[in-house]
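S.K.: Structure incoming, see below.
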Amino acid sequence: MTVTGVIGAGVMGVGVAQNLAATGHDVVLVDKDEKTLAAALAAITRNTRMSRLMGGPALDPDEVLSRITTAVGAAGAAKAEIVIENVTENWDVKREVYETLDAECGPGTVFVVNTSAIPITKVAAVTGRPDRVIGVHFMNPVPAKPVVELIPGFHTSPETIERTENLLRAMGKKAVRVKDSSGFVSNRVLMLTVNEAAYLVHEGVADAASVDEVFRGCFGHPMGPLETADLIGVDTILYSVEVLYEHYADSKYRPCPLLKQMTDAGLHGRKSGRGFYTYASTN
Ligand SMILES: NC(=O)c1ccc[n+]([C@@H]2O[C@H](COP(=O)([O-])OP(=O)(O)OC[C@H]3O[C@@H](n4cnc5c(N)ncnc54)[C@H](O)[C@@H]3O)[C@@H](O)[C@H]2O)c1
């Protein structure tokens, strides 16, 4: 039986595991503790029930859940043939996970890096299989977003690209191939926009609702940048801007102090119930 490992059961891991299971794949979903895994399964149950209402396919939650097993610790994905990693956007956290995966998984296992800004070649370098490491930047919410960025690293082999493209096709995704560069295409632009929007609030130029209204009303964006920050996770925005700032050594990516304060205060957006806005539920 072919199993796909999904490491990290947060915002993205939940979406990736649901998308995989809903398209017939057996999944082992991994996180640091049982509590997070239980919350992830509850979120997948809610999201599959709501799928039709949200414009997606009708899904049977029991059938989707029957394809997902869970495990604590990255070693739980040892038997997977492909692993999709979605842990916190922090280099030390990701590095440790890849060292474990490299030691535990078979030599043929492909590691798919889902990151906002960390270069794929840097991740590949901490493994003994740089030819079998590739980036896929999924969009959020994963089951609802048909396009991903596909990012081969410096050493990624044509076979790894092909295996990853096949999996993405089976998940119903169209892959846009881009070169390995911190932030890729989407987040070089999006993170700058969100960071600058946070500066507008930080400096008192406008409140969050006014900033978002300008983007929705004037530019026709379905969501403003600060609503988007809450959807992505304010902490994840901060970590991504920090990665860009460090990688390019360019002051245009200087992280807004308000993002730092909100992250420290636990205002992480939808997933924590409060960010730039307040939410009734943390789904
Ligand atoms: N949120 C988005 O919209 C979005 C979009 C595209 C890509 N990404 C990227 O996807 C990755 C995950 O983002 P997220 O929004 O899901 O973050 P998140 O904070 O919601 O979830 C991260 C999960 O990783 C888990 N984790 C941390 N260390 C771990 C370890 N050692 N072993 C197992 N699990 C561990 C955490 O417990 C948490 O559940 C990040 O690299 C992020 O940049 C996020």
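We label chains A, B, ... in the order they appear in the structure tokens, count residues from 1 in each chain, and number ligands from 1 in the order shown.
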If we count only C-alpha atoms, what is near stretch 189-199 of chain A at a cut-off of 7 Å, once residues fewer than 2 positions away on the same chain are taken out, given as a VMD selection string?
M.R.: chain A and resid 185 to 187 201 to 203 211 225 to 226 229 237 241 253 255 to 256 258
S.K.: Keeping only C-alpha atoms, write those residues as a short mmCIF file (atom, residue, chain, number, x, y, z; two decimals), in the first residue's frame.
M.R.:
```cif
data_model
loop_
_atom_site.label_atom_id
_atom_site.label_comp_id
_atom_site.auth_asym_id
_atom_site.auth_seq_id
_atom_site.Cartn_x
_atom_site.Cartn_y
_atom_site.Cartn_z
CA VAL A 185 6.91 34.22 -7.17
CA SER A 186 3.85 34.51 -4.94
CA ASN A 187 5.45 35.45 -1.65
CA VAL A 201 -1.99 50.07 10.76
CA HIS A 202 1.16 50.33 12.92
CA GLU A 203 1.66 53.97 11.88
CA VAL A 211 -6.90 49.05 4.49
CA PRO A 225 -4.10 42.02 2.69
CA LEU A 226 -4.87 41.96 6.42
CA ALA A 229 -2.78 37.75 6.91
CA ILE A 237 3.56 36.04 7.83
CA VAL A 241 9.09 38.12 6.07
CA TYR A 253 11.67 43.19 3.74
CA PRO A 255 9.41 43.03 9.36
CA CYS A 256 6.75 45.37 10.75
CA LEU A 258 3.24 45.19 14.83
#
```
S.K.: All residues within 7 Å of ligand 1 are required, counting only C-alpha atoms and all ligand atoms; please report them as a PyMOL selection string.
M.R.: chain A and resi 7-13+30-32+36+73-74+86-89+93+96-97+114-117+137-140+231-233+236+240
S.K.: Which of these, A:Gly5, A:Gly128, A:Gly55, A:Gly135, has the shortest distance to A:Thr69 once you count only C-alpha atoms?
M.R.: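 For A:Thr69, the nearest of the candidates is A:Gly5.
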S.K.: Kindly indicate which residue among A:Met171, A:Leu259, A:Ala144, A:Val6 lies nearest to A:Val113, using only C-alpha atoms for the distances.
M.R.: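 Distance minimum relative to A:Val113 lands on A:Val6.
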S.K.: Have a look at atom CA of A:Val148 and atom CA of A:Lys122 and let me know their distance in Å, one decimal.
M.R.: 20.2 Å
S.K.: For A:Val72, which residue out of A:Thr160, A:Leu150, A:Phe215, A:Lys35 is the nearest one, using only C-alpha atoms?
M.R.: A:Lys35
S.K.: Taking only C-alpha atoms into account, which of A:Ala17, A:Ala43, A:Ala75, A:Ile118 comes nearest A:Tyr245?
M.R.: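 Using only C-alpha atoms, A:Tyr245 sits closest to A:Ile118.
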S.K.: Using only C-alpha atoms, which of the listed residues (A:Leu200, A:Val126, A:Val110, A:Ala170) sits closest to A:Ala21?
M.R.: A:Ala170
S.K.: Which residues are close to stretch 161-169 of chain A, i.e. within 12 Å by only C-alpha atoms, leaving aside same-chain residues fewer than 3 positions away? Reply as a ChimeraX atom specification.
M.R.: /A:2-4,16,19-20,23-25,81-84,108-113,131-138,142-143,146-153,155-158,172-177
S.K.: Quick check, in Å to one decimal: how far apart do atom CA of A:Ser210 and atom CA of A:Leu244 lie?
M.R.: 26.9 Å
S.K.: Quote the spacing between atom CA of A:Ala249 and atom CA of A:Asp235 in Å to one decimal place.
M.R.: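 Going from atom CA of A:Ala249 over to atom CA of A:Asp235 covers 20.5 Å.
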S.K.: Please, which residues of stretch 74-263 of chain A, numbered as in this document, come out alpha helix (DSSP H) from DSSP, as a count of residues only?
M.R.: 91
S.K.: Which residue out of A:Arg254, A:Arg95, A:Lys179, A:Arg274 has the minimum interatomic distance to A:Phe154 when only C-alpha atoms are used?
M.R.: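 For A:Phe154, the nearest of the candidates is A:Lys179.
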S.K.: Pull the strand (DSSP E or B) assignments for stretch 99-283 of chain A out of DSSP run on the backbone, and list those residues as a PyMOL selection string.
M.R.: chain A and resi 110-113+133-137+147-152+174-177+269+274+278
S.K.: Keeping only C-alpha atoms, write those residues as an mmCIF file, in the first residue's frame.
M.R.:
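Listing of part21.cif after writing:
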```cif
data_model
loop_
_atom_site.group_PDB
_atom_site.id
_atom_site.type_symbol
_atom_site.label_atom_id
_atom_site.label_comp_id
_atom_site.auth_asym_id
_atom_site.auth_seq_id
_atom_site.Cartn_x
_atom_site.Cartn_y
_atom_site.Cartn_z
ATOM 1 C CA VAL A 110 10.724 11.956 -2.004
ATOM 2 C CA PHE A 111 10.543 14.947 0.350
ATOM 3 C CA VAL A 112 8.172 17.716 -0.749
ATOM 4 C CA VAL A 113 8.842 21.011 1.035
ATOM 5 C CA VAL A 133 13.870 16.998 -2.442
ATOM 6 C CA ILE A 134 11.501 19.395 -4.210
ATOM 7 C CA GLY A 135 9.366 22.389 -3.263
ATOM 8 C CA VAL A 136 5.607 22.658 -3.700
ATOM 9 C CA HIS A 137 4.112 25.902 -2.467
ATOM 10 C CA VAL A 147 -2.767 26.053 -8.578
ATOM 11 C CA VAL A 148 0.548 25.486 -6.786
ATOM 12 C CA GLU A 149 4.101 26.665 -7.387
ATOM 13 C CA LEU A 150 6.454 23.750 -8.195
ATOM 14 C CA ILE A 151 10.067 24.490 -7.265
ATOM 15 C CA PRO A 152 12.880 22.085 -8.164
ATOM 16 C CA LYS A 174 -2.059 22.519 -11.751
ATOM 17 C CA ALA A 175 1.622 23.183 -11.129
ATOM 18 C CA VAL A 176 3.372 26.357 -12.250
ATOM 19 C CA ARG A 177 7.096 25.694 -12.324
ATOM 20 C CA GLY A 269 -5.324 35.243 13.064
ATOM 21 C CA ARG A 274 -7.979 36.775 16.886
ATOM 22 C CA THR A 278 -11.822 38.617 15.871
#
```
